[in-house]
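Data from input_30.cif: mmCIF, C-alpha atoms
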```cif
data_query
loop_
_atom_site.label_atom_id
_atom_site.label_comp_id
_atom_site.auth_asym_id
_atom_site.auth_seq_id
_atom_site.Cartn_x
_atom_site.Cartn_y
_atom_site.Cartn_z
CA MET F 1114 97.28 116.21 62.63
CA LYS F 1115 93.83 117.72 62.68
CA ALA F 1116 93.06 120.63 60.32
CA LYS F 1117 92.66 122.87 63.33
CA HIS F 1118 96.20 122.11 64.55
CA GLN F 1119 97.57 122.56 61.07
CA ARG F 1120 96.01 125.99 60.86
CA LEU F 1121 97.32 126.89 64.31
CA THR F 1122 100.87 125.85 63.38
CA LEU F 1123 100.70 127.79 60.12
CA ALA F 1124 99.35 130.89 61.85
CA LEU F 1125 102.03 130.73 64.56
CA ILE F 1126 104.82 130.30 62.00
CA ALA F 1127 103.43 133.25 60.05
CA VAL F 1128 103.28 135.40 63.20
CA ALA F 1129 106.85 134.43 64.18
CA ALA F 1130 108.11 135.27 60.67
CA LEU F 1131 106.29 138.62 60.79
CA ILE F 1132 107.74 139.54 64.16
CA GLY F 1133 111.18 138.56 62.90
CA ALA F 1134 110.76 140.72 59.81
CA GLY F 1135 109.49 143.63 61.88
CA MET F 1136 112.40 143.39 64.30
CA LEU F 1137 114.91 143.26 61.44
CA ALA F 1138 113.31 146.31 59.85
CA ALA F 1139 113.34 148.19 63.15
CA TRP F 1140 116.96 147.21 63.72
CA ALA F 1141 117.95 148.40 60.25
CA LEU F 1142 116.19 151.69 60.92
CA ARG F 1143 117.71 152.17 64.35
CA SER F 1144 119.86 155.13 63.39
CA GLN F 1145 117.75 156.58 60.56
CA ALA F 1146 114.53 156.47 62.55
CA SER F 1147 116.04 158.42 65.43
CA PHE F 1148 114.55 161.84 65.74
CA PHE F 1149 117.83 163.54 66.66
CA TYR F 1150 121.59 163.22 67.17
CA LEU F 1151 122.88 162.83 70.69
CA PRO F 1152 125.75 165.18 71.61
CA ALA F 1153 128.17 162.22 71.72
CA GLU F 1154 127.19 161.15 68.20
CA TYR F 1155 127.37 164.76 67.05
CA ALA F 1156 130.88 165.23 68.46
CA ALA F 1157 132.24 161.88 67.25
CA ASN F 1158 130.79 162.11 63.78
CA PRO F 1159 129.86 165.74 63.03
CA PRO F 1160 127.30 166.25 60.23
CA GLU F 1161 128.55 168.34 57.30
CA GLU F 1162 128.24 172.08 57.71
CA GLY F 1163 124.88 173.52 56.73
CA ARG F 1164 122.96 170.24 56.54
CA ALA F 1165 119.66 170.38 58.46
CA VAL F 1166 119.89 168.09 61.49
CA ARG F 1167 118.40 167.82 64.96
CA LEU F 1168 120.47 167.73 68.10
CA GLY F 1169 118.92 166.47 71.33
CA GLY F 1170 120.18 166.22 74.89
CA MET F 1171 120.05 167.90 78.23
CA VAL F 1172 120.32 171.67 78.64
CA GLU F 1173 123.38 172.25 80.83
CA LYS F 1174 122.65 173.91 84.18
CA GLY F 1175 123.65 177.57 84.22
CA SER F 1176 124.45 177.63 80.52
CA ILE F 1177 121.45 179.62 79.23
CA LYS F 1178 122.58 183.17 78.41
CA THR F 1179 120.61 185.91 76.74
CA ALA F 1180 122.62 188.15 74.40
CA ALA F 1181 122.55 191.96 74.58
CA ASP F 1182 119.88 192.17 71.84
CA GLY F 1183 117.45 190.36 74.16
CA VAL F 1184 116.25 187.71 71.67
CA THR F 1185 119.36 185.68 70.92
CA ILE F 1186 120.08 183.02 73.49
CA SER F 1187 122.95 180.62 73.79
CA PHE F 1188 123.16 177.47 75.83
CA VAL F 1189 124.92 174.11 75.91
CA ILE F 1190 123.30 170.78 75.07
CA HIS F 1191 125.14 167.92 76.66
CA ASP F 1192 125.02 164.25 77.52
CA ASP F 1193 127.47 162.40 79.76
CA LYS F 1194 130.07 162.27 76.94
CA ALA F 1195 130.03 165.56 75.04
CA ARG F 1196 128.81 169.18 75.11
CA VAL F 1197 127.70 171.23 72.13
CA PRO F 1198 127.16 175.01 72.28
CA VAL F 1199 123.93 176.17 70.63
CA THR F 1200 122.69 179.62 69.61
CA TYR F 1201 119.07 180.44 68.88
CA ARG F 1202 116.92 183.48 68.10
CA GLY F 1203 113.22 183.15 68.81
CA ILE F 1204 110.52 182.07 71.20
CA LEU F 1205 111.14 179.16 73.56
CA PRO F 1206 108.54 176.53 74.58
CA ASP F 1207 107.35 176.48 78.20
CA LEU F 1208 109.14 173.28 79.10
CA PHE F 1209 112.53 174.56 77.97
CA VAL F 1210 114.44 174.84 81.26
CA GLU F 1211 117.98 174.17 82.42
CA GLY F 1212 118.66 170.59 83.42
CA SER F 1213 115.91 169.17 81.27
CA GLY F 1214 115.77 167.72 77.75
CA ALA F 1215 115.55 169.72 74.54
CA VAL F 1216 115.85 169.13 70.80
CA ALA F 1217 117.36 171.84 68.60
CA GLU F 1218 116.57 171.85 64.87
CA GLY F 1219 119.22 173.62 62.83
CA ARG F 1220 122.69 173.21 61.39
CA ARG F 1221 126.35 173.12 62.34
CA ALA F 1222 128.19 176.39 61.76
CA ALA F 1223 131.83 176.66 60.64
CA ASP F 1224 133.08 177.28 64.19
CA GLY F 1225 131.52 174.02 65.46
CA GLN F 1226 128.61 175.81 67.12
CA PHE F 1227 125.09 174.62 66.46
CA VAL F 1228 122.77 177.30 65.07
CA ALA F 1229 119.15 176.42 65.82
CA ASP F 1230 116.11 177.58 63.82
CA ASN F 1231 113.69 175.95 66.18
CA ILE F 1232 113.78 174.59 69.73
CA LEU F 1233 111.57 171.74 70.94
CA ALA F 1234 111.40 170.94 74.62
CA LYS F 1235 111.49 167.29 75.56
CA HIS F 1236 109.40 166.29 78.51
CA ASP F 1237 110.77 163.53 80.71
CA GLU F 1238 108.71 160.69 82.12
CA ASN F 1239 108.33 162.33 85.55
CA TYR F 1240 104.95 163.73 86.52
CA VAL F 1241 105.15 165.75 89.71
CA PRO F 1242 102.58 168.08 91.30
CA ARG F 1243 103.36 171.76 91.46
CA GLU F 1244 103.99 171.69 95.24
CA MET F 1245 107.26 169.92 94.52
CA LYS F 1246 108.37 172.70 92.20
CA GLY F 1247 111.52 173.65 94.07
CA MET F 1248 112.94 170.16 93.96
CA THR F 1249 115.40 168.83 91.45
CA ASN F 1250 114.34 165.89 89.31
CA GLU F 1251 116.29 163.50 91.52
CA GLU F 1252 114.67 164.75 94.73
CA ALA F 1253 111.21 164.62 93.19
CA ARG F 1254 111.84 161.11 91.92
CA LYS F 1255 112.95 160.01 95.39
CA MET F 1256 109.87 161.54 96.97
CA ILE F 1257 107.58 159.75 94.50
CA GLU F 1258 109.31 156.47 95.16
CA GLY F 1259 109.07 157.02 98.92
CA ALA F 1260 105.35 157.80 98.72
CA SER F 1261 104.26 155.00 96.40
CA MET Y 975 85.98 128.59 74.84
CA HIS Y 976 83.52 126.92 72.51
CA GLY Y 977 80.86 127.63 75.07
CA PHE Y 978 80.79 131.17 73.66
CA ALA Y 979 80.79 129.92 70.07
CA ASN Y 980 77.04 129.74 70.40
CA PRO Y 981 75.68 133.19 69.42
CA ALA Y 982 72.48 132.60 71.41
CA ARG Y 983 74.48 132.09 74.62
CA PHE Y 984 76.61 135.11 73.81
CA LEU Y 985 73.53 137.24 73.25
CA ARG Y 986 72.04 136.17 76.59
CA LEU Y 987 75.26 137.24 78.33
CA ALA Y 988 75.65 140.45 76.31
CA ARG Y 989 72.06 141.56 76.96
CA TRP Y 990 72.73 142.40 80.61
CA LEU Y 991 76.51 142.98 80.36
CA THR Y 992 76.21 145.77 77.76
CA PRO Y 993 74.22 148.30 79.83
CA LEU Y 994 76.27 147.38 82.90
CA LEU Y 995 79.57 148.17 81.14
CA LEU Y 996 78.25 151.33 79.54
CA ILE Y 997 76.78 152.74 82.76
CA ALA Y 998 79.80 151.81 84.90
CA GLY Y 999 82.10 153.26 82.22
CA LEU Y 1000 80.17 156.52 82.05
CA VAL Y 1001 80.15 156.89 85.85
CA VAL Y 1002 83.86 156.09 86.36
CA THR Y 1003 85.01 158.17 83.36
CA GLY Y 1004 82.73 161.09 84.27
CA LEU Y 1005 83.84 161.19 87.90
CA THR Y 1006 87.53 160.86 87.02
CA LEU Y 1007 87.44 163.58 84.38
CA ALA Y 1008 85.44 165.88 86.68
CA TRP Y 1009 88.05 165.34 89.38
CA ALA Y 1010 90.87 165.89 86.88
CA LEU Y 1011 89.43 169.19 85.69
CA THR Y 1012 88.52 170.59 89.11
CA SER Y 1013 90.79 169.22 91.79
CA ALA Y 1014 93.78 167.39 90.32
CA PRO Y 1015 97.00 169.32 91.02
CA ALA Y 1016 98.83 171.18 88.26
CA GLU Y 1017 102.03 169.53 87.12
CA ARG Y 1018 105.32 171.09 88.17
CA LEU Y 1019 106.57 172.12 84.72
CA GLN Y 1020 103.59 171.66 82.42
CA GLY Y 1021 100.96 173.24 84.69
CA ASP Y 1022 97.35 172.42 83.87
CA SER Y 1023 98.10 171.17 80.37
CA ALA Y 1024 99.37 167.91 81.93
CA LYS Y 1025 95.76 167.05 82.76
CA ILE Y 1026 95.19 166.02 79.15
CA LEU Y 1027 97.09 162.93 80.26
CA PHE Y 1028 93.84 161.57 81.73
CA VAL Y 1029 92.39 161.32 78.22
CA HIS Y 1030 95.54 160.82 76.17
CA VAL Y 1031 96.90 157.77 77.98
CA PRO Y 1032 93.60 155.79 78.11
CA ALA Y 1033 93.07 156.63 74.42
CA ALA Y 1034 96.55 155.35 73.54
CA TRP Y 1035 96.01 152.22 75.64
CA LEU Y 1036 92.67 151.47 73.98
CA GLY Y 1037 93.98 152.23 70.49
CA MET Y 1038 96.79 149.72 70.97
CA GLY Y 1039 94.80 147.30 73.15
CA GLY Y 1040 92.00 147.41 70.58
CA TRP Y 1041 94.28 146.21 67.82
CA SER Y 1042 95.75 143.53 70.10
CA ALA Y 1043 92.22 142.25 70.72
CA LEU Y 1044 91.43 142.50 67.01
CA ALA Y 1045 94.54 140.42 66.24
CA ILE Y 1046 93.59 137.77 68.82
CA ALA Y 1047 90.06 137.63 67.39
CA SER Y 1048 91.56 137.30 63.88
CA LEU Y 1049 93.79 134.43 65.01
CA THR Y 1050 90.78 132.74 66.63
CA GLU Y 1051 88.82 133.17 63.43
CA LEU Y 1052 91.61 131.73 61.28
CA VAL Y 1053 92.49 128.78 63.50
CA TRP Y 1054 89.29 127.75 65.28
CA ARG Y 1055 86.77 129.16 62.79
CA HIS Y 1056 84.97 130.65 65.76
CA PRO Y 1057 81.74 132.25 64.44
CA LEU Y 1058 81.85 135.20 66.85
CA ALA Y 1059 85.53 136.03 66.32
CA ALA Y 1060 85.01 137.70 62.94
CA ILE Y 1061 82.14 139.71 64.40
CA ALA Y 1062 84.22 140.74 67.43
CA ALA Y 1063 87.10 141.92 65.21
CA ARG Y 1064 84.73 144.00 63.08
CA ALA Y 1065 83.08 145.44 66.19
CA ILE Y 1066 86.43 146.50 67.70
CA ALA Y 1067 87.72 148.32 64.62
CA LEU Y 1068 85.55 151.45 64.85
CA PRO Y 1069 86.04 152.34 68.55
CA GLY Y 1070 89.73 151.42 68.16
CA ALA Y 1071 90.04 153.92 65.33
CA TRP Y 1072 88.23 156.60 67.33
CA PHE Y 1073 90.49 156.16 70.34
CA SER Y 1074 93.63 156.23 68.17
CA ALA Y 1075 92.40 159.47 66.62
CA LEU Y 1076 91.64 160.85 70.10
CA CYS Y 1077 95.14 159.91 71.24
CA LEU Y 1078 96.71 161.73 68.27
CA ALA Y 1079 94.48 164.79 68.73
CA THR Y 1080 95.08 165.16 72.48
CA GLY Y 1081 98.80 164.52 71.99
CA SER Y 1082 98.94 167.26 69.40
CA LEU Y 1083 97.10 169.72 71.67
CA TRP Y 1084 99.53 168.92 74.48
CA GLY Y 1085 102.58 169.03 72.22
CA ARG Y 1086 102.06 172.64 71.20
CA PRO Y 1087 102.62 174.17 74.68
CA ALA Y 1088 104.90 171.42 76.02
CA TRP Y 1089 107.24 170.72 73.12
CA GLY Y 1090 106.64 173.80 71.02
CA THR Y 1091 105.15 171.95 68.05
CA TRP Y 1092 101.83 170.40 67.02
CA TRP Y 1093 103.40 167.51 65.19
CA VAL Y 1094 106.81 166.01 64.43
CA TRP Y 1095 107.63 162.96 62.30
CA ASP Y 1096 108.99 161.15 65.30
CA GLY Y 1097 109.01 157.35 65.71
CA ARG Y 1098 106.24 157.26 68.34
CA LEU Y 1099 103.94 159.76 66.65
CA THR Y 1100 104.39 158.25 63.21
CA SER Y 1101 103.78 154.67 64.33
CA MET Y 1102 100.63 155.78 66.16
CA LEU Y 1103 99.39 157.50 62.98
CA VAL Y 1104 100.10 154.26 61.10
CA LEU Y 1105 97.88 152.45 63.64
CA LEU Y 1106 94.99 154.82 62.82
CA PHE Y 1107 95.49 154.15 59.10
CA LEU Y 1108 95.57 150.39 59.78
CA TYR Y 1109 92.17 150.65 61.50
CA LEU Y 1110 90.73 152.61 58.57
CA ALA Y 1111 92.16 150.08 56.11
CA TYR Y 1112 90.78 147.19 58.15
CA MET Y 1113 87.28 148.70 58.16
CA ALA Y 1114 87.36 149.30 54.40
CA LEU Y 1115 88.66 145.77 53.79
CA ALA Y 1116 86.09 144.10 56.06
CA GLU Y 1117 83.28 146.11 54.47
CA ALA Y 1118 84.38 145.16 50.95
CA ALA Y 1119 84.88 141.49 51.87
CA ASP Y 1120 81.46 141.26 53.53
CA ARG Y 1121 79.75 142.89 50.55
CA ASP Y 1122 81.41 140.38 48.24
CA ALA Y 1123 80.29 137.52 50.47
CA GLY Y 1124 76.74 138.93 50.41
CA ASN Y 1125 76.76 139.11 46.62
CA GLY Y 1126 77.45 135.41 46.32
CA GLY Y 1127 81.23 135.71 46.72
CA GLY Y 1128 80.97 132.44 48.58
CA GLY Y 1129 81.31 132.26 52.35
CA GLN Y 1130 83.10 134.66 54.70
CA SER Y 1131 86.40 136.05 53.48
CA ARG Y 1132 89.49 135.38 55.63
CA ILE Y 1133 91.37 138.36 54.19
CA PRO Y 1134 90.36 140.87 56.93
CA ALA Y 1135 91.50 138.36 59.56
CA ILE Y 1136 94.88 137.93 57.87
CA PHE Y 1137 95.22 141.72 57.69
CA GLY Y 1138 94.31 141.99 61.39
CA LEU Y 1139 97.03 139.54 62.29
CA VAL Y 1140 99.67 141.16 60.08
CA GLY Y 1141 98.86 144.63 61.43
CA ALA Y 1142 99.70 143.47 64.96
CA ILE Y 1143 103.39 143.93 64.14
CA ASN Y 1144 102.84 147.68 64.60
CA ILE Y 1145 101.91 147.28 68.29
CA PRO Y 1146 105.40 146.39 69.63
CA ILE Y 1147 106.86 149.01 67.28
CA ILE Y 1148 104.68 151.71 68.89
CA HIS Y 1149 105.58 150.52 72.36
CA TYR Y 1150 109.34 150.29 71.80
CA SER Y 1151 109.65 153.32 69.50
CA VAL Y 1152 110.62 155.55 72.43
CA LEU Y 1153 113.18 153.03 73.70
CA TRP Y 1154 114.81 151.95 70.42
CA TRP Y 1155 115.11 155.38 68.85
CA ASN Y 1156 115.84 158.85 70.17
CA SER Y 1157 112.38 160.28 70.29
CA LEU Y 1158 110.81 163.58 71.21
CA HIS Y 1159 108.14 161.60 73.07
CA GLN Y 1160 109.12 160.72 76.63
CA PRO Y 1161 109.71 157.06 77.61
CA PRO Y 1162 106.86 155.34 79.48
CA SER Y 1163 106.23 156.80 82.94
CA ILE Y 1164 104.80 153.54 84.22
CA SER Y 1165 106.35 150.14 83.83
CA VAL Y 1166 105.82 146.96 85.79
CA GLY Y 1167 106.47 147.66 89.47
CA GLU Y 1168 107.68 151.25 89.12
CA SER Y 1169 106.28 154.64 88.37
CA ALA Y 1170 107.84 158.00 87.69
CA MET Y 1171 104.47 159.56 88.38
CA ALA Y 1172 103.37 161.02 91.68
CA PRO Y 1173 100.65 158.80 93.25
CA VAL Y 1174 97.97 161.46 92.72
CA PHE Y 1175 98.52 161.30 88.95
CA LEU Y 1176 99.05 157.55 88.92
CA TYR Y 1177 95.78 156.62 90.66
CA GLY Y 1178 93.82 159.22 88.70
CA LEU Y 1179 95.22 157.77 85.52
CA LEU Y 1180 94.38 154.24 86.61
CA ALA Y 1181 90.76 155.26 87.24
CA ALA Y 1182 90.58 156.96 83.83
CA VAL Y 1183 91.99 153.87 82.10
CA ILE Y 1184 89.44 151.62 83.85
CA GLY Y 1185 86.56 153.98 83.02
CA PHE Y 1186 87.43 154.32 79.33
CA SER Y 1187 88.08 150.55 79.05
CA LEU Y 1188 84.60 149.80 80.46
CA LEU Y 1189 83.11 152.17 77.88
CA PHE Y 1190 85.14 150.51 75.15
CA GLY Y 1191 83.90 147.07 76.20
CA GLY Y 1192 80.30 148.31 76.25
CA VAL Y 1193 80.62 149.83 72.78
CA VAL Y 1194 82.18 146.64 71.39
CA LEU Y 1195 79.36 144.49 72.84
CA THR Y 1196 76.74 146.91 71.46
CA ARG Y 1197 78.30 146.73 68.03
CA MET Y 1198 78.57 142.92 68.15
CA ARG Y 1199 74.87 142.70 69.01
CA ALA Y 1200 74.06 145.12 66.20
CA ILE Y 1201 76.06 143.08 63.68
CA LEU Y 1202 74.38 139.84 64.83
CA ALA Y 1203 70.91 141.44 64.68
CA ASN Y 1204 71.68 142.79 61.22
CA ALA Y 1205 72.76 139.36 59.97
CA GLN Y 1206 69.62 137.83 61.46
CA ALA Y 1207 67.38 140.44 59.82
CA GLU Y 1208 69.09 139.93 56.48
CA ALA Y 1209 68.72 136.16 56.71
CA ARG Y 1210 65.03 136.59 57.49
CA LEU Y 1211 64.55 138.97 54.54
CA ARG Y 1212 66.35 136.57 52.23
CA ARG Y 1213 64.19 133.69 53.41
CA ARG Y 1214 61.01 135.72 52.86
CA ALA Y 1215 62.17 136.79 49.43
CA MET Y 1216 62.79 133.15 48.55
CA GLU Y 1217 59.35 132.11 49.79
CA GLN Y 1218 57.86 134.92 47.73
CA ASP Y 1219 59.69 133.73 44.61
CA PHE Y 1220 58.48 130.23 45.29
CA ASP Y 1221 54.86 131.40 45.64
CA ASP Y 1222 55.04 133.44 42.42
CA PHE Y 1223 56.58 130.49 40.67
CA GLY Y 1224 53.75 128.25 41.87
CA LYS Y 1225 51.05 130.69 40.69
CA ARG Y 1226 52.70 131.02 37.30
CA ASP Y 1227 52.73 127.26 37.04
CA PHE Y 1228 48.99 127.04 37.73
CA ALA Y 1229 48.28 129.87 35.28
CA GLU Y 1230 50.16 128.02 32.57
CA GLN Y 1231 48.18 124.89 33.33
CA ASP Y 1232 44.93 126.85 33.09
CA ASN Y 1233 45.90 128.18 29.69
CA ALA Y 1234 46.63 124.70 28.47
#
```

This entry written out as structure tokens:
Amino acid sequence: MKAKHQRLTLALIAVAALIGAGMLAAWALRSQASFFYLPAEYAANPPEEGRAVRLGGMVEKGSIKTAADGVTISFVIHDDKARVPVTYRGILPDLFVEGSGAVAEGRRAADGQFVADNILAKHDENYVPREMKGMTNEEARKMIEGAS
Amino acid sequence: MHGFANPARFLRLARWLTPLLLIAGLVVTGLTLAWALTSAPAERLQGDSAKILFVHVPAAWLGMGGWSALAIASLTELVWRHPLAAIAARAIALPGAWFSALCLATGSLWGRPAWGTWWVWDGRLTSMLVLLFLYLAYMALAEAADRDAGNGGGGQSRIPAIFGLVGAINIPIIHYSVLWWNSLHQPPSISVGESAMAPVFLYGLLAAVIGFSLLFGGVVLTRMRAILANAQAEARLRRRAMEQDFDDFGKRDFAEQDNA
């Protein structure tokens, strides 16, 4: 075996070991490194009351309601398995709309509601020009696929 | 591959390729960004702030692609002892760091209106920040190793190359961070054979990526030529200094003989 081949083998073994270690670390972190709870995880395994957590999912269509005081809003974050009611007082980001993703930072209240201190909007991977504004995500997606 | 191991041949190629890449890169990038600012459509939900995409995505691609190239150069240096590989890796580090920083800065500017925050400690954002720190660490390490080698530390150090290879583990972590973990950052809009982007954004983005990549290539070649020229100048200075010492030594010898 030439020195060159020996070095190549060593380097490849080292790279394989590194990738293995990285994957194991990423796998071990898979729940801790998540930025938020999904509604299903939240419902199945609720965090203790008052602990600061993040809850992320889709904002249910037609669920955003503004209270009589004009600054408190309530809505439902859901995924295909569970729904969690959320209340929030404050300013909402531009991308916070019904039927799209959002992350609420806050805590679980005694009645099971989620009280948010901060709302982050989550953008999805779709990029659509403004002319398609009236369409739902599914329609827009179909149109993009048809055009490309 | 060993055809390029010869620095003279590389320099002949780089001499005309460098201005070509830089000019083509400036033209393509300039035209694409001008189009993006003036006539690209506003995005449905994000409005005009989505246009930062035309800088953010190429910057992310070059930040990550830069380290991938640096890792390949490091592997080439370690295995084949290719004389240009170490120089290429050192030349890539600085523009790679700049593009990573640009990616983080544009992402932060976009995040404020779109997400409602400048920064979150999310898997994607954090791993991209780690990439910037890896570039900075690589540059410090390479600088220190080269200074040691210059001060008679004995030959070129392999430590920066080993670091370059080890750091590559961060690249798949950045890419998969949005798929493995719940992340505030959206999953990739473009994957092989499908796009969730309207064609107008997709082709604009493609042009921007090509333009910035050409610029990146031009900058890397410029830096490689600068490093080679620097090494050549230093070697010449060292040789002259040695000749000088030799001359002085000779004169002293004669003077001593005269005294005797």

message: Residues of chain F were defined as contacting chain Y if any atom lay at most 6 Å from it, counting all atoms listed in the file; please report them as an MDAnalysis selection string.
response: chainID F and resid 1117 1120:1121 1147:1148 1206 1208 1233:1243 1246 1257

Close residues, stretch 1069-1072 of chain Y itself excluded, 6 Å, only C-alpha atoms, min 4 positions apart in chain, as an MDAnalysis selection string: chainID Y and resid 1037 1040 1106 1109

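Comparing the minimum interatomic distances between F:Gly1169 and each of F:Arg1220, F:Arg1202, F:His1191, F:Lys1115, counting only C-alpha atoms, we find that F:His1191 sits nearest.
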
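For the atom pair formed by atom CA of Y:Ile1145 and atom CA of Y:Ala1062, the distance is 18.9 Å, given to one decimal.
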
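On the file presented, the PyMOL selection byres ((chain Y and resi 993-1009) around 8) picks out Y:Arg989, Y:Trp990, Y:Leu991, Y:Thr992, Y:Ala1010, Y:Leu1011, Y:Thr1012, Y:Ser1013, Y:Ala1014, Y:Phe1028, Y:Gly1178, Y:Ala1181, Y:Ala1182, Y:Ile1184, Y:Gly1185, Y:Phe1186, Y:Ser1187, Y:Leu1188, Y:Leu1189, Y:Gly1191, Y:Gly1192, Y:Val1193.
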
- prompt: Any chance you could work out the residue set of the PyMOL selection byres ((chain F and resi 1165) around 12) here, as a ChimeraX atom specification?
  reply: /F:1149-1150,1160-1164,1166-1168,1217-1222,1227-1231

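The coordinates place atom CA of Y:Ala1043 at 10.1 Å from atom CA of Y:Ala1059.
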
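The gap separating atom CA of Y:Ile1061 from atom CA of Y:Arg1210 is 18.7 Å, in Å to one decimal.
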
query: Care to translate the PyMOL selection byres ((chain Y and resi 1067) around 12) into actual residues of this file, as an MDAnalysis selection string?
result: chainID Y and resid 1036:1045 1047:1048 1060:1066 1068:1074 1105:1117 1134:1135 1138 1190 1193:1194 1197:1198

So for stretch 1232-1243 of chain F, what box centre and size do we get, axis-aligned, 6 Å extra on each of the six sides, every listed atom, Å to one decimal, as lines of an AutoDock Vina configuration file?
```
center_x = 108.2
center_y = 167.6
center_z = 80.6
size_x = 23.2
size_y = 25.9
size_z = 33.7
```

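Excluding stretch 1181-1186 of chain F itself and same-chain residues fewer than 3 positions from it, the residues having an atom within 6 Å of it are Lys1178, Thr1200, Tyr1201 and Arg1202 of chain F, counting all atoms listed in the file.
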
Save out the residues we just selected, C-alpha atoms, as a PDB file, in the coordinates of the input.
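Everything below was put into selection_14.pdb:
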```
ATOM      1  CA  LYS F1178     122.580 183.170  78.410  1.00  0.00           C
ATOM      2  CA  THR F1200     122.690 179.620  69.610  1.00  0.00           C
ATOM      3  CA  TYR F1201     119.070 180.440  68.880  1.00  0.00           C
ATOM      4  CA  ARG F1202     116.920 183.480  68.100  1.00  0.00           C
TER       5      ARG F1202
END
```

Give me stretch 1195-1207 of chain F with N, CA and C atoms filled in, as a PDB file, in the frame of the given file.
```
ATOM      1  N   ALA F1195     129.610 164.399  75.819  1.00  0.00           N
ATOM      2  CA  ALA F1195     130.030 165.560  75.040  1.00  0.00           C
ATOM      3  C   ALA F1195     129.136 166.756  75.324  1.00  0.00           C
ATOM      4  N   ARG F1196     129.620 167.983  74.993  1.00  0.00           N
ATOM      5  CA  ARG F1196     128.810 169.180  75.110  1.00  0.00           C
ATOM      6  C   ARG F1196     128.875 169.948  73.802  1.00  0.00           C
ATOM      7  N   VAL F1197     127.752 170.477  73.380  1.00  0.00           N
ATOM      8  CA  VAL F1197     127.700 171.230  72.130  1.00  0.00           C
ATOM      9  C   VAL F1197     127.052 172.583  72.404  1.00  0.00           C
ATOM     10  N   PRO F1198     127.773 173.686  72.094  1.00  0.00           N
ATOM     11  CA  PRO F1198     127.160 175.010  72.280  1.00  0.00           C
ATOM     12  C   PRO F1198     126.141 175.300  71.166  1.00  0.00           C
ATOM     13  N   VAL F1199     125.027 175.907  71.565  1.00  0.00           N
ATOM     14  CA  VAL F1199     123.930 176.170  70.630  1.00  0.00           C
ATOM     15  C   VAL F1199     123.561 177.645  70.715  1.00  0.00           C
ATOM     16  N   THR F1200     123.264 178.266  69.573  1.00  0.00           N
ATOM     17  CA  THR F1200     122.690 179.620  69.610  1.00  0.00           C
ATOM     18  C   THR F1200     121.335 179.578  68.920  1.00  0.00           C
ATOM     19  N   TYR F1201     120.437 180.447  69.395  1.00  0.00           N
ATOM     20  CA  TYR F1201     119.070 180.440  68.880  1.00  0.00           C
ATOM     21  C   TYR F1201     118.448 181.816  69.034  1.00  0.00           C
ATOM     22  N   ARG F1202     117.690 182.227  68.023  1.00  0.00           N
ATOM     23  CA  ARG F1202     116.920 183.480  68.100  1.00  0.00           C
ATOM     24  C   ARG F1202     115.460 183.115  67.977  1.00  0.00           C
ATOM     25  N   GLY F1203     114.654 183.427  68.956  1.00  0.00           N
ATOM     26  CA  GLY F1203     113.220 183.150  68.810  1.00  0.00           C
ATOM     27  C   GLY F1203     112.562 182.829  70.138  1.00  0.00           C
ATOM     28  N   ILE F1204     111.341 182.322  70.024  1.00  0.00           N
ATOM     29  CA  ILE F1204     110.520 182.070  71.200  1.00  0.00           C
ATOM     30  C   ILE F1204     110.736 180.641  71.678  1.00  0.00           C
ATOM     31  N   LEU F1205     110.855 180.484  72.987  1.00  0.00           N
ATOM     32  CA  LEU F1205     111.140 179.160  73.560  1.00  0.00           C
ATOM     33  C   LEU F1205     109.859 178.522  74.093  1.00  0.00           C
ATOM     34  N   PRO F1206     109.708 177.188  73.972  1.00  0.00           N
ATOM     35  CA  PRO F1206     108.540 176.530  74.580  1.00  0.00           C
ATOM     36  C   PRO F1206     108.615 176.547  76.102  1.00  0.00           C
ATOM     37  N   ASP F1207     107.442 176.380  76.738  1.00  0.00           N
ATOM     38  CA  ASP F1207     107.350 176.480  78.200  1.00  0.00           C
ATOM     39  C   ASP F1207     108.260 175.496  78.931  1.00  0.00           C
TER      40      ASP F1207
END
```
